[in-house]
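Peer 1: Hey, dropping start.tsv in here, TSV, C-alpha atoms:
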```
chain	number	residue	atom	x	y	z
H	1	MET	CA	0.00	0.00	0.00
H	2	ALA	CA	1.34	3.43	-0.96
H	3	ILE	CA	2.13	5.82	1.85
H	4	LEU	CA	0.59	9.26	1.49
H	5	ALA	CA	2.96	12.21	1.61
H	6	THR	CA	2.95	14.33	4.73
H	7	ARG	CA	3.45	18.06	4.71
H	8	GLN	CA	7.06	17.64	5.81
H	9	GLU	CA	7.75	15.10	3.06
H	10	LEU	CA	6.27	17.43	0.49
H	11	SER	CA	8.42	20.25	1.83
H	12	ASP	CA	11.55	18.09	1.66
H	13	PHE	CA	10.72	17.00	-1.86
H	14	LEU	CA	10.24	20.58	-3.06
H	15	ALA	CA	13.43	21.73	-1.33
H	16	GLU	CA	15.39	18.98	-3.00
H	17	THR	CA	13.86	19.58	-6.43
H	18	GLU	CA	13.49	23.35	-6.65
H	19	LYS	CA	17.00	24.17	-7.88
H	20	ARG	CA	16.90	21.67	-10.72
H	21	ALA	CA	13.38	22.75	-11.59
H	22	TYR	CA	14.51	26.37	-11.72
H	23	LYS	CA	17.44	25.48	-13.97
H	24	GLN	CA	15.19	23.45	-16.27
H	25	ALA	CA	12.80	26.36	-16.58
H	26	LEU	CA	15.69	28.78	-17.11
H	27	PHE	CA	17.15	26.66	-19.93
H	28	ALA	CA	13.72	26.59	-21.53
H	29	VAL	CA	12.63	30.23	-21.24
H	30	HIS	CA	15.99	32.08	-20.94
H	31	ASN	CA	14.55	34.50	-18.40
H	32	GLU	CA	15.17	34.32	-14.65
H	33	HIS	CA	11.93	35.97	-13.58
H	34	VAL	CA	9.79	33.87	-15.87
H	35	ALA	CA	11.64	30.74	-14.75
H	36	LEU	CA	10.93	31.61	-11.12
H	37	ASP	CA	7.28	32.19	-11.92
H	38	ILE	CA	7.05	28.83	-13.67
H	39	VAL	CA	8.61	27.00	-10.72
H	40	GLN	CA	6.37	28.79	-8.27
H	41	ASP	CA	3.26	27.98	-10.32
H	42	SER	CA	4.30	24.34	-10.52
H	43	MET	CA	4.85	24.15	-6.77
H	44	MET	CA	1.47	25.74	-6.14
H	45	LYS	CA	-0.32	23.30	-8.43
H	46	LEU	CA	1.41	20.33	-6.85
H	47	ALA	CA	0.58	21.47	-3.32
H	48	LEU	CA	-3.02	22.33	-4.18
H	49	LYS	CA	-4.00	19.27	-6.18
H	50	TYR	CA	-1.59	16.45	-5.47
H	51	ALA	CA	-0.34	17.00	-1.94
H	52	SER	CA	-2.13	13.89	-0.75
H	53	LYS	CA	-0.51	11.60	-3.32
H	54	PRO	CA	2.03	8.98	-2.27
H	55	THR	CA	5.58	10.21	-1.87
H	56	ASP	CA	6.98	8.11	-4.69
H	57	GLU	CA	4.54	9.66	-7.18
H	58	LEU	CA	5.56	13.24	-6.42
H	59	PRO	CA	8.59	13.43	-8.77
H	60	LEU	CA	6.58	12.24	-11.77
H	61	LEU	CA	3.68	14.54	-10.98
H	62	PHE	CA	5.90	17.56	-10.36
H	63	GLN	CA	7.84	17.06	-13.58
H	64	ARG	CA	4.63	16.68	-15.52
H	65	ILE	CA	3.27	19.91	-14.05
H	66	LEU	CA	6.56	21.71	-14.66
H	67	GLN	CA	6.81	20.65	-18.29
H	68	ASN	CA	3.16	21.52	-18.93
H	69	THR	CA	3.68	24.95	-17.38
H	70	ILE	CA	6.69	25.53	-19.62
H	71	ARG	CA	4.63	24.49	-22.66
H	72	ASP	CA	1.85	26.86	-21.61
H	73	TYR	CA	4.41	29.64	-21.46
H	74	TYR	CA	5.58	28.78	-24.99
H	75	ARG	CA	1.99	28.94	-26.25
H	76	ARG	CA	1.31	32.31	-24.62
H	77	GLN	CA	4.63	33.63	-25.89
H	78	LYS	CA	3.79	32.52	-29.42
H	79	ILE	CA	0.47	34.36	-29.36
H	80	ARG	CA	2.02	37.45	-27.77
H	81	SER	CA	4.85	37.55	-30.29
H	82	LEU	CA	2.36	37.97	-33.09
H	83	TRP	CA	1.47	41.39	-31.68
H	84	THR	CA	4.85	42.52	-30.43
H	85	THR	CA	7.06	41.66	-33.39
H	86	LEU	CA	6.85	45.16	-34.80
H	87	PHE	CA	7.97	46.72	-31.52
H	88	SER	CA	10.80	44.31	-30.71
H	89	ALA	CA	13.42	46.76	-32.01
H	90	PHE	CA	12.65	49.15	-29.17
H	91	THR	CA	13.41	46.68	-26.36
H	92	PRO	CA	16.80	47.08	-24.65
H	93	ASN	CA	19.49	44.48	-25.35
H	94	ASP	CA	20.66	41.96	-22.77
H	95	GLN	CA	23.79	43.89	-21.80
H	96	ASP	CA	21.86	46.99	-20.82
H	97	LYS	CA	19.34	44.84	-19.04
H	98	ASN	CA	22.02	43.12	-16.97
H	99	GLN	CA	23.45	46.48	-15.93
H	100	GLU	CA	20.04	47.71	-14.88
H	101	ASP	CA	19.45	44.59	-12.81
H	102	PHE	CA	22.80	44.76	-11.04
H	103	ASP	CA	22.51	44.26	-7.30
H	104	ILE	CA	25.42	44.34	-4.87
H	105	LEU	CA	23.86	41.46	-2.92
H	106	GLU	CA	24.25	39.27	-5.98
H	107	THR	CA	28.02	39.39	-5.57
H	108	LEU	CA	27.78	37.37	-2.34
H	109	GLN	CA	29.05	33.88	-2.89
H	110	VAL	CA	26.77	30.91	-2.40
H	111	LYS	CA	27.89	28.51	0.26
H	112	GLN	CA	30.03	25.83	-1.32
H	113	GLU	CA	28.88	22.47	-0.07
H	114	SER	CA	30.86	20.24	-2.41
H	115	ASN	CA	34.61	19.72	-2.24
H	116	PHE	CA	34.84	18.92	-5.92
H	117	ALA	CA	37.04	21.90	-6.63
H	118	ARG	CA	39.73	22.86	-4.20
H	119	GLU	CA	42.21	24.65	-6.38
H	120	PRO	CA	41.33	28.04	-7.90
H	121	ASP	CA	42.36	27.01	-11.41
H	122	VAL	CA	40.31	23.82	-11.22
H	123	GLN	CA	37.39	25.76	-9.85
H	124	LEU	CA	37.66	28.29	-12.68
H	125	GLU	CA	37.90	25.53	-15.26
H	126	ARG	CA	34.86	23.81	-13.85
H	127	ALA	CA	32.88	27.05	-13.75
H	128	GLN	CA	33.73	27.63	-17.40
H	129	LEU	CA	32.75	24.09	-18.30
H	130	ILE	CA	29.45	24.43	-16.46
H	131	GLY	CA	28.83	27.68	-18.31
H	132	LEU	CA	29.50	26.01	-21.64
H	133	ILE	CA	27.22	23.10	-20.84
H	134	GLU	CA	24.44	25.41	-19.71
H	135	LYS	CA	24.77	27.48	-22.87
H	136	ALA	CA	24.63	24.29	-24.92
H	137	MET	CA	21.51	23.22	-23.04
H	138	GLU	CA	19.83	26.51	-23.91
H	139	ILE	CA	20.36	26.07	-27.65
H	140	LEU	CA	19.14	22.49	-27.76
H	141	PRO	CA	15.72	21.94	-29.35
H	142	ALA	CA	13.00	21.97	-26.68
H	143	ARG	CA	11.96	18.33	-27.00
H	144	GLN	CA	15.55	17.07	-26.96
H	145	ARG	CA	16.32	19.19	-23.92
H	146	GLU	CA	13.21	17.94	-22.15
H	147	ALA	CA	14.05	14.32	-22.84
H	148	PHE	CA	17.67	14.73	-21.76
H	149	MET	CA	16.72	16.50	-18.52
H	150	LEU	CA	14.18	13.92	-17.53
H	151	ARG	CA	16.24	10.88	-18.43
H	152	TYR	CA	19.72	11.88	-17.27
H	153	TRP	CA	19.22	14.69	-14.77
H	154	GLU	CA	16.00	13.59	-13.10
H	155	GLU	CA	16.95	9.95	-13.68
H	156	MET	CA	13.49	8.91	-14.73
H	157	SER	CA	12.67	5.71	-16.57
H	158	LEU	CA	11.77	5.59	-20.24
H	159	ALA	CA	8.12	4.95	-19.40
H	160	GLU	CA	7.92	7.87	-16.95
H	161	THR	CA	9.62	10.20	-19.41
H	162	ALA	CA	7.22	9.11	-22.15
H	163	ILE	CA	4.25	9.85	-19.89
H	164	ILE	CA	5.52	13.33	-19.06
H	165	MET	CA	6.40	14.14	-22.66
H	166	LYS	CA	3.17	12.57	-23.95
H	167	CYS	CA	4.95	10.54	-26.60
H	168	SER	CA	6.15	6.97	-27.15
H	169	GLU	CA	9.21	5.45	-25.48
H	170	GLY	CA	10.82	5.17	-28.90
H	171	SER	CA	10.49	8.91	-29.38
H	172	VAL	CA	12.09	9.47	-25.97
H	173	LYS	CA	15.06	7.32	-26.96
H	174	THR	CA	15.43	9.22	-30.22
H	175	HIS	CA	15.26	12.62	-28.50
H	176	CYS	CA	17.78	11.56	-25.86
H	177	SER	CA	20.22	10.19	-28.38
H	178	ARG	CA	20.05	13.30	-30.53
H	179	ALA	CA	20.43	15.52	-27.47
H	180	VAL	CA	23.58	13.73	-26.28
H	181	HIS	CA	25.13	13.81	-29.74
H	182	ALA	CA	24.29	17.49	-30.16
H	183	LEU	CA	25.80	18.33	-26.75
H	184	ALA	CA	28.92	16.30	-27.51
H	185	THR	CA	29.33	18.10	-30.83
H	186	ILE	CA	28.89	21.55	-29.27
H	187	LEU	CA	31.38	20.80	-26.48
H	188	ARG	CA	33.86	19.32	-28.93
H	189	GLU	CA	33.71	22.47	-31.03
H	190	LYS	CA	34.56	24.46	-27.88
H	191	GLY	CA	37.53	22.24	-27.25
H	192	VAL	CA	35.97	20.36	-24.32
H	193	LYS	CA	36.41	16.63	-24.03
H	194	LEU	CA	34.52	14.78	-21.32
I	1	MET	CA	32.61	7.12	-23.42
I	2	ASN	CA	29.28	5.84	-24.65
I	3	GLU	CA	26.03	7.76	-24.90
I	4	GLN	CA	24.71	6.83	-21.45
I	5	GLU	CA	27.95	7.73	-19.70
I	6	LEU	CA	28.27	10.99	-21.55
I	7	GLY	CA	24.71	11.91	-20.64
I	8	LYS	CA	25.30	11.17	-16.97
I	9	GLU	CA	28.58	13.10	-16.97
I	10	ILE	CA	26.86	16.16	-18.43
I	11	ALA	CA	24.06	15.77	-15.87
I	12	ARG	CA	26.68	15.71	-13.11
I	13	PHE	CA	28.00	19.08	-14.25
I	14	LEU	CA	24.46	20.39	-14.44
I	15	ASP	CA	24.07	19.38	-10.79
I	16	PHE	CA	27.15	21.38	-9.87
I	17	GLY	CA	25.76	24.34	-11.80
I	18	ALA	CA	22.42	24.13	-10.00
I	19	ASN	CA	24.12	24.02	-6.61
I	20	GLU	CA	26.72	26.69	-7.23
I	21	THR	CA	25.69	29.17	-9.86
I	22	ILE	CA	22.22	30.15	-8.67
I	23	LYS	CA	22.16	33.61	-7.12
I	24	GLN	CA	21.40	34.02	-3.46
I	25	SER	CA	18.40	36.20	-4.19
I	26	THR	CA	17.01	33.54	-6.52
I	27	LEU	CA	17.46	30.89	-3.85
I	28	TYR	CA	15.62	33.10	-1.39
I	29	ARG	CA	12.77	33.56	-3.85
I	30	LEU	CA	12.60	29.82	-4.46
I	31	GLN	CA	12.39	29.27	-0.73
I	32	SER	CA	9.58	31.82	-0.46
I	33	ALA	CA	7.73	30.15	-3.33
I	34	ARG	CA	8.04	26.80	-1.59
I	35	ARG	CA	6.65	28.19	1.65
I	36	ALA	CA	3.77	29.83	-0.17
I	37	ALA	CA	2.96	26.57	-1.91
I	38	LEU	CA	3.01	24.64	1.36
I	39	GLU	CA	0.67	27.17	2.96
I	40	ASN	CA	-1.87	26.34	0.26
I	41	CYS	CA	-1.38	22.64	0.81
I	42	GLN	CA	-4.70	20.79	0.91
I	43	PRO	CA	-5.49	18.55	3.90
I	44	THR	CA	-4.55	14.93	3.49
I	45	LEU	CA	-7.31	12.56	2.42
I	46	GLN	CA	-8.17	9.98	5.05
I	47	ILE	CA	-9.79	6.61	4.53
I	48	ILE	CA	-13.00	6.30	6.52
I	49	ASN	CA	-14.62	2.95	7.26
I	50	SER	CA	-18.22	3.12	6.11
I	51	GLY	CA	-19.36	-0.45	6.57
I	52	ASN	CA	-18.45	-4.02	5.81
I	53	GLY	CA	-16.13	-4.28	2.86
I	54	THR	CA	-16.52	-0.65	1.84
I	55	SER	CA	-14.57	2.50	2.44
I	56	VAL	CA	-14.77	6.09	1.26
I	57	TYR	CA	-12.34	8.96	1.06
I	58	GLY	CA	-12.98	11.99	3.23
I	59	GLY	CA	-11.60	15.51	3.34
I	60	HIS	CA	-13.32	17.04	0.32
I	61	GLY	CA	-16.94	17.07	1.48
I	62	GLU	CA	-17.51	20.67	0.45
I	63	HIS	CA	-16.53	19.91	-3.13
I	64	PHE	CA	-18.89	16.93	-3.20
I	65	LYS	CA	-21.77	19.12	-1.98
I	66	THR	CA	-20.96	21.74	-4.57
I	67	GLY	CA	-21.07	19.13	-7.31
I	68	LYS	CA	-24.46	17.83	-6.17
I	69	LEU	CA	-25.85	21.35	-5.96
I	70	LEU	CA	-24.59	22.15	-9.44
I	71	LEU	CA	-26.15	18.96	-10.80
I	72	LEU	CA	-29.47	19.83	-9.17
I	73	LEU	CA	-29.41	23.32	-10.67
I	74	ILE	CA	-28.69	21.90	-14.13
I	75	VAL	CA	-31.61	19.45	-13.84
I	76	LEU	CA	-33.97	22.22	-12.70
I	77	PHE	CA	-32.85	24.46	-15.53
I	78	ALA	CA	-33.36	21.71	-18.10
I	79	PHE	CA	-36.84	20.98	-16.71
I	80	ALA	CA	-37.80	24.67	-16.85
I	81	LEU	CA	-36.49	24.94	-20.40
I	82	VAL	CA	-38.50	21.93	-21.60
I	83	SER	CA	-41.64	23.19	-19.84
I	84	ALA	CA	-41.33	26.65	-21.37
I	85	THR	CA	-40.80	25.22	-24.83
I	86	TYR	CA	-43.80	22.92	-24.50
I	87	TRP	CA	-45.99	25.75	-23.21
I	88	GLN	CA	-44.98	27.95	-26.13
I	89	PHE	CA	-45.74	25.16	-28.58
I	90	LEU	CA	-49.13	24.59	-26.98
I	91	GLU	CA	-50.01	28.28	-27.16
I	92	LYS	CA	-48.96	28.39	-30.77
I	93	SER	CA	-51.11	25.35	-31.55
I	94	ARG	CA	-54.12	26.93	-29.89
I	95	SER	CA	-53.71	30.13	-31.83
I	96	THR	CA	-53.38	28.04	-34.99
I	97	ILE	CA	-56.65	26.23	-34.39
I	98	ASP	CA	-58.32	29.55	-33.65
I	99	THR	CA	-57.13	30.81	-37.00
I	100	THR	CA	-58.26	27.61	-38.67
I	101	ILE	CA	-61.72	27.90	-37.23
I	102	LEU	CA	-62.02	31.53	-38.23
I	103	VAL	CA	-60.91	30.82	-41.78
I	104	ASP	CA	-63.31	27.88	-41.95
I	105	ASP	CA	-66.02	30.32	-41.03
I	106	LEU	CA	-67.20	28.10	-38.20
I	107	SER	CA	-69.09	29.41	-35.25
I	108	THR	CA	-67.35	29.91	-31.95
I	109	ASP	CA	-69.75	27.43	-30.39
I	110	ALA	CA	-68.32	24.67	-32.53
I	111	TYR	CA	-64.88	25.28	-31.16
I	112	ILE	CA	-66.04	25.56	-27.59
I	113	ASP	CA	-68.04	22.36	-27.85
I	114	ASN	CA	-65.05	20.45	-29.14
I	115	GLU	CA	-62.47	21.69	-26.67
I	116	PRO	CA	-63.40	19.38	-23.76
I	117	GLU	CA	-63.34	16.47	-26.18
I	118	PHE	CA	-59.74	17.24	-27.12
I	119	ASP	CA	-58.62	17.74	-23.55
I	120	ASP	CA	-60.36	14.76	-22.07
I	121	ASP	CA	-60.35	12.04	-24.68
I	122	LEU	CA	-57.22	12.63	-26.75
I	123	SER	CA	-53.58	12.51	-25.77
I	124	ILE	CA	-51.27	15.49	-26.25
I	125	ASP	CA	-49.61	13.88	-29.22
I	126	ALA	CA	-52.92	13.15	-30.91
I	127	TYR	CA	-54.03	16.70	-30.20
I	128	ILE	CA	-50.89	18.17	-31.77
I	129	ASP	CA	-51.13	15.83	-34.75
I	130	ASN	CA	-54.71	16.88	-35.29
I	131	VAL	CA	-53.77	20.57	-35.20
I	132	LEU	CA	-50.88	20.09	-37.59
I	133	GLN	CA	-53.11	18.13	-39.95
I	134	ARG	CA	-55.54	21.02	-40.04
I	135	VAL	CA	-52.80	23.53	-40.76
I	136	ASP	CA	-51.45	21.39	-43.59
I	137	ASP	CA	-54.87	21.09	-45.13
I	138	LEU	CA	-55.33	24.82	-44.91
I	139	LEU	CA	-52.06	25.57	-46.68
I	140	THR	CA	-52.55	23.17	-49.59
I	141	ASP	CA	-55.82	24.77	-50.72
I	142	GLU	CA	-57.55	21.41	-50.57
I	143	ARG	CA	-59.39	22.49	-47.51
I	144	VAL	CA	-62.82	22.65	-49.12
I	145	GLU	CA	-62.56	19.19	-50.67
I	146	ASN	CA	-61.27	17.57	-47.51
I	147	GLU	CA	-63.54	19.40	-45.20
I	148	PRO	CA	-66.08	16.56	-44.80
I	149	GLU	CA	-63.28	14.29	-43.57
I	150	LEU	CA	-61.98	16.86	-41.13
I	151	ALA	CA	-65.48	17.59	-40.01
I	152	ASP	CA	-65.79	14.15	-38.45
I	153	ASP	CA	-64.54	15.52	-35.20
I	154	LEU	CA	-66.70	18.58	-35.31
I	155	PRO	CA	-70.17	18.75	-33.79
I	156	THR	CA	-73.23	18.05	-35.80
I	157	ASP	CA	-73.96	21.72	-36.35
I	158	ALA	CA	-70.72	22.18	-38.21
I	159	ARG	CA	-71.47	19.33	-40.60
I	160	ILE	CA	-74.88	20.44	-41.61
I	161	ASP	CA	-73.83	22.52	-44.61
I	162	ASN	CA	-71.44	19.94	-45.98
I	163	GLU	CA	-73.39	16.72	-45.54
I	164	PRO	CA	-76.82	17.20	-46.99
I	165	GLU	CA	-77.17	13.44	-47.57
I	166	LEU	CA	-77.17	12.85	-43.82
I	167	ALA	CA	-79.86	15.42	-43.26
I	168	ASP	CA	-82.63	12.82	-43.43
I	169	ASP	CA	-81.49	11.11	-40.27
I	170	LEU	CA	-80.54	14.12	-38.22
I	171	PRO	CA	-82.51	17.09	-36.88
I	172	THR	CA	-80.85	19.90	-38.82
I	173	ASP	CA	-81.47	23.61	-38.94
I	174	ALA	CA	-82.60	23.24	-42.54
I	175	ARG	CA	-85.24	20.74	-41.63
I	176	ILE	CA	-86.37	22.84	-38.74
I	177	ASP	CA	-86.60	25.84	-40.97
I	178	ASN	CA	-88.58	23.86	-43.55
I	179	GLU	CA	-90.95	22.51	-40.93
I	180	LEU	CA	-91.34	25.96	-39.48
I	181	ASP	CA	-92.20	27.33	-42.92
I	182	GLU	CA	-94.71	24.54	-43.53
I	183	TRP	CA	-96.33	25.14	-40.17
I	184	LEU	CA	-96.58	28.87	-40.84
I	185	ASP	CA	-98.05	28.21	-44.28
I	186	SER	CA	-100.62	25.82	-42.87
I	187	ASN	CA	-101.64	28.25	-40.16
I	188	LYS	CA	-102.15	31.14	-42.54
```
Would you mind writing the file out in C-alpha cells?
Peer 2:
Amino acid sequence: MAILATRQELSDFLAETEKRAYKQALFAVHNEHVALDIVQDSMMKLALKYASKPTDELPLLFQRILQNTIRDYYRRQKIRSLWTTLFSAFTPNDQDKNQEDFDILETLQVKQESNFAREPDVQLERAQLIGLIEKAMEILPARQREAFMLRYWEEMSLAETAIIMKCSEGSVKTHCSRAVHALATILREKGVKL
Amino acid sequence: MNEQELGKEIARFLDFGANETIKQSTLYRLQSARRAALENCQPTLQIINSGNGTSVYGGHGEHFKTGKLLLLLIVLFAFALVSATYWQFLEKSRSTIDTTILVDDLSTDAYIDNEPEFDDDLSIDAYIDNVLQRVDDLLTDERVENEPELADDLPTDARIDNEPELADDLPTDARIDNELDEWLDSNK
C-alpha cells in the first residue's frame, strides 16, 4: 500500500527539487523571472492538487506539471509575439538589461557544499565548463532538452519520461540520443572533451 | 565514453551548476515560493470505514456538496427549459386552431363544444397531430374538398352545410326551418 505524503515530506521534496526545476525552466525560457514564476506555479499546483498523493509519485507529478507549465508559457509567448514583433526593435538588449538589474547582494558567494574543486584554477575551469554546458543546453531543441533533462538529470525511466512528454518510449530514446550527440558536438567544437 | 555515460557526466556538471551558480536572491525567492505553496497545501485525504467491505475517502466534502448542488441546478434548468418550450408550442397550436376555425367560417360554439373532447379524450400527441393536420390542409388549398373528412370531429352543427345526404337522419337547422315554414303556411 502506498504511503501518502505528509506536509514535511512534500516540503523536503520541493526543497530537493526546486533548484533543478529552476534550472530546467531557465534553460527553456531564458529568463530568470519567468523561470521563477514557472517554478512557483508548478509548486502551487502540486501542493493544491496532489499533496495527498504517495511520496513516490511526487517526482513524476511535479515534472509533468513543470513541463506543462513551460509548454503553456511557450503557447502564450507565441500568441504574444504575433502582436509585439513590430515593436521588438525598441526593447533594450541583454547587456543593458544586466546592468540595470545589477545588485550588490548578488556578488555574495553561495555557500560551497561540495569539495569537488579545491584549487582556484580547477574551480575556474569547472565554472567555465558548467557555463558552456548550460549554454549548450539553452540552444538544444526543446523536446531534446526535455528528454535529456528527464532521463539523465532527473533519472526517470523511459516509461515515466514518455508519460511526461506525452509521446512513445521510442520517441524518448530518439530525442535523448540526438540531445547527447548534439551536446557532444557543441562541447567538442569548444575544445571540451569529457 | 558511450552515450549513457556521456549523458550522466553532463548531468553531473548540471548538478554542480544548479548548486553553485544560482544567485542568493534567486534561492531566497525559491524558498519563499516553496513556503507559499506549502501554505496552500490541501489537507490529506483519510480513509473512513463506512461499513463491511466498503470504504470512502474523506476531506473534500464541500466539493462533493458543490457538485451535487450544481447537478441539481442543471436538472432544474433543463426541466424549466423543456416546460417553457412545451408551453410555447401549446399556445402556438391553440392560436393556430383559432385561425383555422375563423378561416373555416365556423361558429365559436363549434370550437367551444369540441375543446373538452380534445382535452379529455385525446392525448397530447394526438391533439398536436390533429392541429398540424388542419394547418397542412389549410395551406394546400384542398381544404374545401377535404372538409367533410376533417369535419368528423366537429359537432353536428358544423357538418350540416357539408353533408346534406345525412340530413334525413338528423334534426338539422334546414329541416327545422322547412318545418317551421310549412307550419306557418298551414296556419295562414
Peer 1: Can you work out the spacing between CA of Met149 in chain H and CA of Ala179 in chain H in Å, to one decimal?
Peer 2: 9.7 Å
Peer 1: Residues of chain H within 6 Å of chain I, counting all atoms listed in the file - could you list those as a PDB file with C-alpha atoms, keeping the file's coordinate frame?
Peer 2:
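Result saved to part_8.pdb:
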```
ATOM      1  CA  LYS H  19      17.000  24.170  -7.880  1.00  0.00           C
ATOM      2  CA  GLN H  40       6.370  28.790  -8.270  1.00  0.00           C
ATOM      3  CA  MET H  43       4.850  24.150  -6.770  1.00  0.00           C
ATOM      4  CA  MET H  44       1.470  25.740  -6.140  1.00  0.00           C
ATOM      5  CA  ALA H  47       0.580  21.470  -3.320  1.00  0.00           C
ATOM      6  CA  LEU H  48      -3.020  22.330  -4.180  1.00  0.00           C
ATOM      7  CA  SER H  52      -2.130  13.890  -0.750  1.00  0.00           C
ATOM      8  CA  ILE H 130      29.450  24.430 -16.460  1.00  0.00           C
ATOM      9  CA  TYR H 152      19.720  11.880 -17.270  1.00  0.00           C
ATOM     10  CA  TRP H 153      19.220  14.690 -14.770  1.00  0.00           C
TER      11      TRP H 153
END
```
Peer 1: Go ahead and compute the interatomic distance for CA of Leu183 in chain H and CA of Glu32 in chain H, in Å to one decimal.
Peer 2: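 Taking CA of Leu183 in chain H and CA of Glu32 in chain H, their separation equals 22.7 Å.
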Peer 1: Between CA of Arg80 in chain H and CA of Ala25 in chain H, what distance in Å does the model show, to one decimal?
Peer 2: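 Between these atoms lies a distance of 19.1 Å.
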Peer 1: Box for range 4-18 of chain I - axis-aligned, 6 Å on each of the six sides, all listed atoms - centre and size in Å to one decimal, as lines of an AutoDock Vina configuration file.
Peer 2:
```
center_x = 25.5
center_y = 15.6
center_z = -15.7
size_x = 18.2
size_y = 29.5
size_z = 23.7
```
Peer 1: With 10 Å as the threshold, what does the neighbourhood of (1.5, 14.4, -3.3) contain in terms of residues, counting only C-alpha atoms? Coordinates are those of the file; answer as a list in words.
Peer 2: Leu4, Ala5, Thr6, Arg7, Glu9, Leu10, Phe13, Leu46, Ala47, Leu48, Lys49, Tyr50, Ala51, Ser52, Lys53, Pro54, Thr55, Asp56, Glu57, Leu58, Pro59, Leu61 and Phe62 of chain H; Cys41, Gln42 and Thr44 of chain I
Peer 1: For C-alpha atoms, I'd like the residues from the last selection saved as a CSV table (one decimal), keeping the file's coordinate frame.
Peer 2:
```csv
chain,number,residue,atom,x,y,z
H,4,LEU,CA,0.6,9.3,1.5
H,5,ALA,CA,3.0,12.2,1.6
H,6,THR,CA,3.0,14.3,4.7
H,7,ARG,CA,3.4,18.1,4.7
H,9,GLU,CA,7.8,15.1,3.1
H,10,LEU,CA,6.3,17.4,0.5
H,13,PHE,CA,10.7,17.0,-1.9
H,46,LEU,CA,1.4,20.3,-6.8
H,47,ALA,CA,0.6,21.5,-3.3
H,48,LEU,CA,-3.0,22.3,-4.2
H,49,LYS,CA,-4.0,19.3,-6.2
H,50,TYR,CA,-1.6,16.4,-5.5
H,51,ALA,CA,-0.3,17.0,-1.9
H,52,SER,CA,-2.1,13.9,-0.8
H,53,LYS,CA,-0.5,11.6,-3.3
H,54,PRO,CA,2.0,9.0,-2.3
H,55,THR,CA,5.6,10.2,-1.9
H,56,ASP,CA,7.0,8.1,-4.7
H,57,GLU,CA,4.5,9.7,-7.2
H,58,LEU,CA,5.6,13.2,-6.4
H,59,PRO,CA,8.6,13.4,-8.8
H,61,LEU,CA,3.7,14.5,-11.0
H,62,PHE,CA,5.9,17.6,-10.4
I,41,CYS,CA,-1.4,22.6,0.8
I,42,GLN,CA,-4.7,20.8,0.9
I,44,THR,CA,-4.6,14.9,3.5
```
Peer 1: From the set H:Val180, H:Ile70, H:Met156, H:Ala35, which residue has the shortest atom-to-atom contact distance to Ile133 in chain H, counting only C-alpha atoms?
Peer 2: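 Smallest separation from Ile133 in chain H among the options: H:Val180.
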Peer 1: Would you mind listing what lies within 8 Å of Arg134 in chain I as a count of residues only, with only C-alpha atoms counted and same-chain residues fewer than 4 positions away left out?
Peer 2: 5
Peer 1: Might you pull out every residue within 12 Å of Gln63 in chain H, with only C-alpha atoms counted and same-chain residues fewer than 4 positions away left off, and present them as a short mmCIF file (atom, residue, chain, number, x, y, z; two decimals) with C-alpha atoms, in the frame of the given file?
Peer 2:
```
data_model
loop_
_atom_site.label_atom_id
_atom_site.label_comp_id
_atom_site.auth_asym_id
_atom_site.auth_seq_id
_atom_site.Cartn_x
_atom_site.Cartn_y
_atom_site.Cartn_z
CA LEU H 14 10.24 20.58 -3.06
CA THR H 17 13.86 19.58 -6.43
CA GLU H 18 13.49 23.35 -6.65
CA ARG H 20 16.90 21.67 -10.72
CA ALA H 21 13.38 22.75 -11.59
CA TYR H 22 14.51 26.37 -11.72
CA GLN H 24 15.19 23.45 -16.27
CA ALA H 25 12.80 26.36 -16.58
CA ILE H 38 7.05 28.83 -13.67
CA VAL H 39 8.61 27.00 -10.72
CA SER H 42 4.30 24.34 -10.52
CA MET H 43 4.85 24.15 -6.77
CA LYS H 45 -0.32 23.30 -8.43
CA LEU H 46 1.41 20.33 -6.85
CA GLU H 57 4.54 9.66 -7.18
CA LEU H 58 5.56 13.24 -6.42
CA PRO H 59 8.59 13.43 -8.77
CA GLN H 67 6.81 20.65 -18.29
CA ASN H 68 3.16 21.52 -18.93
CA THR H 69 3.68 24.95 -17.38
CA ILE H 70 6.69 25.53 -19.62
CA GLU H 146 13.21 17.94 -22.15
CA ALA H 147 14.05 14.32 -22.84
CA MET H 149 16.72 16.50 -18.52
CA LEU H 150 14.18 13.92 -17.53
CA ARG H 151 16.24 10.88 -18.43
CA TRP H 153 19.22 14.69 -14.77
CA GLU H 154 16.00 13.59 -13.10
CA GLU H 155 16.95 9.95 -13.68
CA MET H 156 13.49 8.91 -14.73
CA GLU H 160 7.92 7.87 -16.95
CA THR H 161 9.62 10.20 -19.41
CA ALA H 162 7.22 9.11 -22.15
CA ILE H 163 4.25 9.85 -19.89
CA ILE H 164 5.52 13.33 -19.06
CA MET H 165 6.40 14.14 -22.66
#
```
Peer 1: So which residues are close to (31.1, 27.0, -21.0), meaning at most 12 Å away in the file's coordinates with all atoms listed in the file counted, and can you show them as a list of chain:residue names?
Peer 2: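 Taken together, the residues in range are H:Leu124, H:Glu125, H:Arg126, H:Ala127, H:Gln128, H:Leu129, H:Ile130, H:Gly131, H:Leu132, H:Ile133, H:Glu134, H:Lys135, H:Ala136, H:Met137, H:Glu138, H:Leu183, H:Ile186, H:Leu187, H:Arg188, H:Glu189, H:Lys190, H:Gly191, H:Val192, I:Ile10, I:Phe13, I:Leu14, I:Gly17.
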